[in-house]
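Colleague: run.csv (CSV, C-alpha atoms) pasted underneath:
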```
chain,number,residue,atom,x,y,z
A,18,MET,CA,0.0,0.0,0.0
A,19,SER,CA,1.3,3.4,-0.9
A,20,SER,CA,1.4,6.4,1.5
A,21,ARG,CA,-1.3,8.0,-0.6
A,22,ASP,CA,-3.6,5.0,-0.3
A,23,ASP,CA,-2.9,4.8,3.4
A,24,ILE,CA,-3.8,8.5,4.0
A,25,LEU,CA,-6.9,8.4,1.8
A,26,GLY,CA,-7.9,5.1,3.5
A,27,ARG,CA,-7.7,6.8,6.9
A,28,VAL,CA,-9.8,9.7,5.7
A,29,ARG,CA,-12.5,7.4,4.3
A,30,ALA,CA,-12.5,5.5,7.5
A,31,GLY,CA,-13.0,8.7,9.5
A,32,LEU,CA,-15.8,9.7,7.3
A,33,GLN,CA,-17.3,6.2,7.3
A,34,ARG,CA,-17.0,6.1,3.5
A,35,ASN,CA,-15.2,2.8,3.0
A,36,ALA,CA,-16.4,0.6,0.2
A,37,GLY,CA,-20.0,-0.5,0.6
A,38,ASN,CA,-21.0,2.1,3.2
A,39,ALA,CA,-21.2,5.3,1.2
A,40,ALA,CA,-24.9,5.6,1.8
A,41,ALA,CA,-24.4,5.3,5.6
A,42,GLY,CA,-21.8,8.1,5.4
A,43,ARG,CA,-24.3,10.3,3.6
A,44,GLU,CA,-26.9,9.6,6.2
A,45,ILE,CA,-24.5,10.5,9.0
A,46,MET,CA,-23.6,13.8,7.3
A,47,GLN,CA,-27.3,14.6,6.6
A,48,ALA,CA,-28.2,14.0,10.3
A,49,ALA,CA,-25.3,16.2,11.3
A,50,MET,CA,-26.6,19.0,9.1
A,51,GLU,CA,-30.2,18.7,10.3
A,52,GLY,CA,-29.1,18.6,13.9
A,53,ARG,CA,-26.7,21.4,13.9
A,54,ILE,CA,-27.1,24.3,16.3
A,55,GLU,CA,-27.1,27.7,14.6
A,56,GLY,CA,-25.2,30.6,16.0
A,57,PRO,CA,-26.6,33.9,17.1
A,58,LYS,CA,-28.4,36.1,14.5
A,59,PRO,CA,-29.2,39.8,14.5
A,60,ALA,CA,-32.9,40.5,15.2
A,61,MET,CA,-34.8,41.2,12.0
A,62,ASP,CA,-38.3,42.0,10.9
A,63,THR,CA,-39.1,39.2,8.4
A,64,ALA,CA,-42.2,40.7,6.9
A,65,PRO,CA,-41.7,40.7,3.1
A,66,ALA,CA,-41.8,44.5,2.9
A,67,ALA,CA,-39.2,44.8,5.7
A,68,LEU,CA,-36.9,42.2,4.1
A,69,LEU,CA,-37.0,44.1,0.8
A,70,GLU,CA,-36.2,47.4,2.5
A,71,ARG,CA,-33.4,46.0,4.5
A,72,PHE,CA,-31.9,44.3,1.4
A,73,ARG,CA,-32.1,47.6,-0.4
A,74,VAL,CA,-30.4,49.5,2.3
A,75,LYS,CA,-27.7,46.9,2.8
A,76,SER,CA,-27.1,46.7,-0.9
A,77,GLU,CA,-26.6,50.4,-1.2
A,78,LEU,CA,-24.1,50.3,1.7
A,79,GLN,CA,-22.2,47.8,-0.4
A,80,SER,CA,-22.0,50.4,-3.2
A,81,SER,CA,-24.8,48.7,-5.3
A,82,THR,CA,-27.5,50.8,-6.9
A,83,VAL,CA,-31.2,49.7,-6.7
A,84,GLU,CA,-34.4,50.2,-8.5
A,85,VAL,CA,-37.7,48.5,-7.5
A,86,VAL,CA,-40.3,47.7,-10.2
A,87,ALA,CA,-43.7,46.2,-9.8
A,88,GLN,CA,-43.5,43.3,-12.3
A,89,GLU,CA,-41.0,41.4,-14.4
A,90,SER,CA,-42.2,43.0,-17.7
A,91,GLU,CA,-40.8,46.3,-16.4
A,92,VAL,CA,-37.2,44.9,-16.1
A,93,PRO,CA,-35.9,45.8,-19.6
A,94,ALA,CA,-37.0,49.4,-19.3
A,95,ALA,CA,-35.5,49.7,-15.9
A,96,VAL,CA,-32.2,48.3,-17.2
A,97,ALA,CA,-32.3,50.7,-20.1
A,98,ARG,CA,-32.8,53.6,-17.8
A,99,TYR,CA,-29.8,52.6,-15.7
A,100,LEU,CA,-27.6,52.2,-18.7
A,101,ALA,CA,-28.6,55.5,-20.2
A,102,ALA,CA,-28.1,57.3,-16.9
A,103,MET,CA,-24.6,55.8,-16.6
A,104,ASN,CA,-23.8,56.5,-20.3
A,105,LEU,CA,-23.2,52.7,-20.8
A,106,PRO,CA,-23.6,50.6,-23.9
A,107,THR,CA,-27.1,49.3,-24.8
A,108,THR,CA,-25.6,46.0,-25.9
A,109,ALA,CA,-25.4,43.3,-23.2
A,110,VAL,CA,-25.0,39.6,-22.6
A,111,VAL,CA,-27.9,38.1,-20.6
A,112,GLN,CA,-28.3,34.8,-18.9
A,113,PRO,CA,-30.5,32.5,-21.0
A,114,ALA,CA,-33.0,32.3,-18.1
A,115,LEU,CA,-33.9,35.9,-18.8
A,116,ALA,CA,-33.8,35.8,-22.6
A,117,ALA,CA,-37.6,35.8,-23.0
A,118,LEU,CA,-38.0,39.3,-21.7
A,119,ASP,CA,-38.7,42.0,-24.3
A,120,TRP,CA,-35.3,43.6,-24.3
A,121,ALA,CA,-35.7,45.0,-27.9
A,122,ALA,CA,-38.7,47.0,-26.9
A,123,ALA,CA,-36.5,48.8,-24.4
A,124,GLY,CA,-33.9,49.6,-27.0
A,125,LEU,CA,-31.5,47.0,-25.8
A,126,LYS,CA,-29.6,44.4,-27.9
A,127,VAL,CA,-28.8,41.3,-25.8
A,128,GLU,CA,-27.3,38.0,-26.5
A,129,ALA,CA,-28.2,35.0,-24.3
A,130,ARG,CA,-24.9,33.2,-23.6
A,131,GLY,CA,-22.0,33.1,-21.3
A,132,ALA,CA,-19.9,36.3,-21.1
A,133,ARG,CA,-16.7,36.9,-23.0
A,134,ASP,CA,-13.8,39.2,-22.3
A,135,ALA,CA,-15.2,41.9,-24.7
A,136,ASP,CA,-18.7,42.1,-23.0
A,137,LEU,CA,-19.1,45.3,-21.0
A,138,VAL,CA,-22.6,44.7,-19.5
A,139,GLY,CA,-23.9,41.4,-18.0
A,140,ILE,CA,-27.5,40.9,-17.0
A,141,THR,CA,-28.4,38.1,-14.6
A,142,GLY,CA,-31.0,36.8,-12.3
A,143,CYS,CA,-30.0,35.3,-8.9
A,144,PHE,CA,-31.0,32.1,-7.0
A,145,CYS,CA,-32.0,34.2,-4.0
A,146,ALA,CA,-30.8,37.2,-2.0
A,147,VAL,CA,-29.9,37.7,1.7
A,148,ALA,CA,-31.4,40.7,3.5
A,149,GLU,CA,-28.9,40.6,6.4
A,150,THR,CA,-26.0,41.6,4.3
A,151,GLY,CA,-27.4,42.8,0.9
A,152,THR,CA,-25.9,39.7,-0.8
A,153,LEU,CA,-26.9,37.8,-4.0
A,154,MET,CA,-26.6,34.0,-4.1
A,155,MET,CA,-25.7,32.9,-7.6
A,156,CYS,CA,-26.0,29.2,-8.5
A,157,SER,CA,-24.6,28.3,-11.9
A,158,SER,CA,-26.4,26.2,-14.5
A,159,PRO,CA,-26.7,26.1,-18.3
A,160,ASP,CA,-29.4,28.8,-18.0
A,161,ALA,CA,-27.3,30.8,-15.6
A,162,PRO,CA,-23.6,30.8,-16.5
A,163,ALA,CA,-21.5,32.3,-13.8
A,164,THR,CA,-19.4,34.3,-16.3
A,165,VAL,CA,-22.2,36.8,-16.9
A,166,SER,CA,-21.9,38.2,-13.4
A,167,LEU,CA,-18.1,38.0,-13.2
A,168,LEU,CA,-16.5,39.1,-16.4
A,169,PRO,CA,-18.3,42.3,-17.6
A,170,GLU,CA,-17.5,45.7,-16.0
A,171,THR,CA,-21.2,46.3,-15.2
A,172,HIS,CA,-23.4,43.6,-13.6
A,173,VAL,CA,-27.1,44.2,-13.6
A,174,ALA,CA,-29.0,41.6,-11.4
A,175,VAL,CA,-32.7,40.9,-11.4
A,176,VAL,CA,-33.9,40.1,-7.9
A,177,ARG,CA,-37.4,38.8,-7.1
A,178,ALA,CA,-38.7,40.2,-3.8
A,179,ALA,CA,-40.2,36.8,-2.9
A,180,ARG,CA,-36.6,35.3,-3.0
A,181,ILE,CA,-35.2,37.8,-0.5
A,182,LEU,CA,-34.5,35.7,2.6
A,183,PRO,CA,-33.4,36.9,6.1
A,184,TYR,CA,-30.2,35.1,6.7
A,185,MET,CA,-27.3,33.3,4.9
A,186,GLU,CA,-28.4,30.0,6.6
A,187,ASP,CA,-31.8,30.4,4.9
A,188,ALA,CA,-30.1,30.7,1.5
A,189,TRP,CA,-28.2,27.5,2.0
A,190,ASN,CA,-31.3,25.7,3.3
A,191,LEU,CA,-33.3,26.8,0.2
A,192,ALA,CA,-30.5,25.6,-2.1
A,193,ARG,CA,-30.5,22.2,-0.5
A,194,ALA,CA,-34.3,21.9,-0.6
A,195,GLU,CA,-34.7,23.1,-4.2
A,196,LEU,CA,-31.6,22.0,-5.9
A,197,GLY,CA,-30.8,18.7,-4.1
A,198,THR,CA,-27.3,18.5,-5.5
A,199,LEU,CA,-25.4,21.8,-5.3
A,200,PRO,CA,-24.3,23.2,-8.7
A,201,ARG,CA,-20.8,23.4,-10.0
A,202,ALA,CA,-20.4,27.0,-8.7
A,203,VAL,CA,-22.1,29.0,-5.9
A,204,ASN,CA,-21.0,32.6,-5.8
A,205,PHE,CA,-22.0,35.2,-3.2
A,206,ILE,CA,-22.0,38.8,-4.5
A,207,SER,CA,-22.1,41.8,-2.2
A,208,GLY,CA,-21.8,44.9,-4.3
A,209,PRO,CA,-19.0,45.6,-6.9
A,210,SER,CA,-15.7,43.8,-6.7
A,211,ARG,CA,-13.2,45.6,-4.4
A,212,THR,CA,-9.8,45.3,-2.8
A,213,GLY,CA,-8.0,47.2,0.0
A,214,ASP,CA,-4.6,45.6,-0.7
A,215,ILE,CA,-2.8,48.9,-1.4
A,216,GLU,CA,-2.5,51.1,1.7
A,217,GLN,CA,-5.9,49.7,2.9
A,218,THR,CA,-7.6,52.0,0.3
A,219,ILE,CA,-10.8,50.5,-1.1
A,220,VAL,CA,-10.7,50.3,-4.9
A,221,LEU,CA,-13.8,49.1,-6.8
A,222,GLY,CA,-13.6,46.8,-9.8
A,223,ALA,CA,-10.3,45.1,-8.9
A,224,HIS,CA,-11.3,41.5,-9.6
A,225,GLY,CA,-14.6,41.8,-11.3
A,226,PRO,CA,-17.4,44.3,-12.1
A,227,TYR,CA,-16.9,48.0,-11.3
A,228,ARG,CA,-20.7,48.5,-10.9
A,229,VAL,CA,-23.6,46.4,-9.6
A,230,HIS,CA,-27.1,47.5,-10.2
A,231,LEU,CA,-30.1,45.6,-8.8
A,232,VAL,CA,-33.6,45.6,-10.2
A,233,ILE,CA,-35.9,44.2,-7.6
A,234,VAL,CA,-39.2,42.8,-8.9
A,235,GLU,CA,-42.0,43.1,-6.3
A,236,GLY,CA,-44.7,41.1,-8.1
```
Output the file's structure as structure tokens, nothing else.
Modeller:
Amino acid sequence: MSSRDDILGRVRAGLQRNAGNAAAGREIMQAAMEGRIEGPKPAMDTAPAALLERFRVKSELQSSTVEVVAQESEVPAAVARYLAAMNLPTTAVVQPALAALDWAAAGLKVEARGARDADLVGITGCFCAVAETGTLMMCSSPDAPATVSLLPETHVAVVRAARILPYMEDAWNLARAELGTLPRAVNFISGPSRTGDIEQTIVLGAHGPYRVHLVIVEG
């Protein structure tokens, strides 16, 4: 037996994942997850309107901008208003999950695909959002390629108010309940990319988008 086999064998034994008992190991891990004791959380009003308002405030503190619309059909016009106000291109890449919206009626030319290095504006949805911190939870899939939120200089995200949850723990619980198997990539986005590496001065857009604009759909 090689040293590698010896080490991996010990790890499998500790996790109870030896040959033939993988199912038992999964049951043990599931029981541990369900029986875990959560840490303290800040008090929060969990009424839908209160969650939307807290998410908006926290997002703006993270340097995101926010517009609230009544229904999904208003999203393209809201995105067009933002791009015009910021003097940004009216050409964008959009996640396939949002391709059916009437972007052309708002004067926008979009392509439904993953982003490339030349794309300046990316439009995405999100799996859910966290009111506590103003954070988007992004779960990758063929209809939601992760590159659209990461490569372009400007990220516009559509957030459904019904998917704004109080805490990060709620977001993970929802992912486990709805997705079963977690996707290839789960990304959490709290405002534009930033770094404080140089003299502890915050610089936006260091490792990703310079701007994050959120369109929250109430209906």
Colleague: Region 161-166 of chain A: which residues within 8 Å, counting all atoms listed in the file, same-chain residues fewer than 5 positions away excluded, as a PDB file with C-alpha atoms, keeping the file's coordinate frame?
Modeller:
```
ATOM      1  CA  VAL A 110     -25.000  39.600 -22.600  1.00  0.00           C
ATOM      2  CA  VAL A 111     -27.900  38.100 -20.600  1.00  0.00           C
ATOM      3  CA  GLN A 112     -28.300  34.800 -18.900  1.00  0.00           C
ATOM      4  CA  PRO A 113     -30.500  32.500 -21.000  1.00  0.00           C
ATOM      5  CA  ALA A 114     -33.000  32.300 -18.100  1.00  0.00           C
ATOM      6  CA  ARG A 130     -24.900  33.200 -23.600  1.00  0.00           C
ATOM      7  CA  GLY A 131     -22.000  33.100 -21.300  1.00  0.00           C
ATOM      8  CA  ALA A 132     -19.900  36.300 -21.100  1.00  0.00           C
ATOM      9  CA  ARG A 133     -16.700  36.900 -23.000  1.00  0.00           C
ATOM     10  CA  GLY A 139     -23.900  41.400 -18.000  1.00  0.00           C
ATOM     11  CA  ILE A 140     -27.500  40.900 -17.000  1.00  0.00           C
ATOM     12  CA  THR A 141     -28.400  38.100 -14.600  1.00  0.00           C
ATOM     13  CA  GLY A 142     -31.000  36.800 -12.300  1.00  0.00           C
ATOM     14  CA  MET A 155     -25.700  32.900  -7.600  1.00  0.00           C
ATOM     15  CA  CYS A 156     -26.000  29.200  -8.500  1.00  0.00           C
ATOM     16  CA  HIS A 172     -23.400  43.600 -13.600  1.00  0.00           C
ATOM     17  CA  VAL A 173     -27.100  44.200 -13.600  1.00  0.00           C
ATOM     18  CA  ALA A 202     -20.400  27.000  -8.700  1.00  0.00           C
ATOM     19  CA  PRO A 226     -17.400  44.300 -12.100  1.00  0.00           C
TER      20      PRO A 226
END
```
Colleague: With distances taken over all atoms listed in the file, which residue among A:Met18, A:Leu167, A:Leu78, A:Ala116 lies nearest Val92 (chain A)?
Modeller: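 Once distances to Val92 (chain A) are computed over all atoms listed in the file, the minimum belongs to A:Ala116.
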Colleague: Grab the CA of Glu128 (chain A) to CA of Pro93 (chain A) distance for me, in Å with one decimal place.
Modeller: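 Answer for the CA of Glu128 (chain A) to CA of Pro93 (chain A) separation: 13.5 Å.
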Colleague: If I take CA of Thr107 (chain A) and CA of Thr171 (chain A), how far is one from the other in Å, to one decimal?
Modeller: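 One can read the CA of Thr107 (chain A) to CA of Thr171 (chain A) distance as 11.7 Å.
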Colleague: Rank nothing, just name the residue among A:Ala87, A:Asp187, A:Arg177, A:Ser210 nearest to Cys143 (chain A), using all atoms listed in the file.
Modeller: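 Of A:Ala87, A:Asp187, A:Arg177, A:Ser210, the one nearest Cys143 (chain A) is A:Arg177, counting all atoms listed in the file.
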Colleague: Thr150 (chain A): which residues within 9 Å, counting only C-alpha atoms, same-chain residues fewer than 4 positions away excluded, as a short mmCIF file (atom, residue, chain, number, x, y, z; two decimals) with C-alpha atoms, in the coordinates of the input?
Modeller:
```
data_model
loop_
_atom_site.label_atom_id
_atom_site.label_comp_id
_atom_site.auth_asym_id
_atom_site.auth_seq_id
_atom_site.Cartn_x
_atom_site.Cartn_y
_atom_site.Cartn_z
CA ARG A 71 -33.40 46.00 4.50
CA PHE A 72 -31.90 44.30 1.40
CA LYS A 75 -27.70 46.90 2.80
CA SER A 76 -27.10 46.70 -0.90
CA GLN A 79 -22.20 47.80 -0.40
CA PRO A 183 -33.40 36.90 6.10
CA TYR A 184 -30.20 35.10 6.70
CA MET A 185 -27.30 33.30 4.90
CA SER A 207 -22.10 41.80 -2.20
#
```
Colleague: May I ask which of the residues A:Leu125, A:Val138, A:Ala188, A:Ala49 is the closest one to Arg228 (chain A), counting only C-alpha atoms?
Modeller: A:Val138
Colleague: Rounded to one decimal in Å, what is the spacing between CA of Asn204 (chain A) and CA of Leu153 (chain A)?
Modeller: 8.1 Å
Colleague: Let me make sure I understand: among A:Leu196, A:Val175, A:Ala121, A:Ala102, which one has the smallest atom-to-atom distance to Val85 (chain A) if we use all atoms listed in the file?
Modeller: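 For Val85 (chain A), the nearest of the candidates is A:Val175.
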Colleague: Between A:Ala192, A:Leu199, A:Leu100, A:Ala67, which is the closest to Glu149 (chain A) once you count only C-alpha atoms?
Modeller: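 Looking only at the distances to Glu149 (chain A), the closest residue turns out to be A:Ala67.
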Colleague: Taking all atoms listed in the file into account, name the residue in A:Ala41, A:Leu191, A:Leu231, A:Ala129 that is nearest to Pro159 (chain A).
Modeller: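 Between A:Ala41, A:Leu191, A:Leu231, A:Ala129, the residue approaching Pro159 (chain A) most closely is A:Ala129.
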Colleague: Near His230 (chain A), within 6 Å and counting all atoms listed in the file, which residues show up once chain neighbours fewer than 6 positions away are dropped, as a ChimeraX atom specification?
Modeller: /A:81-83,173
Colleague: What would the file look like if the residues just selected were written as a PDB file, in the frame of the given file with C-alpha atoms?
Modeller:
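Ended up saving to out10.pdb:
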```pdb
ATOM      1  CA  SER A  81     -24.800  48.700  -5.300  1.00  0.00           C
ATOM      2  CA  THR A  82     -27.500  50.800  -6.900  1.00  0.00           C
ATOM      3  CA  VAL A  83     -31.200  49.700  -6.700  1.00  0.00           C
ATOM      4  CA  VAL A 173     -27.100  44.200 -13.600  1.00  0.00           C
TER       5      VAL A 173
END
```
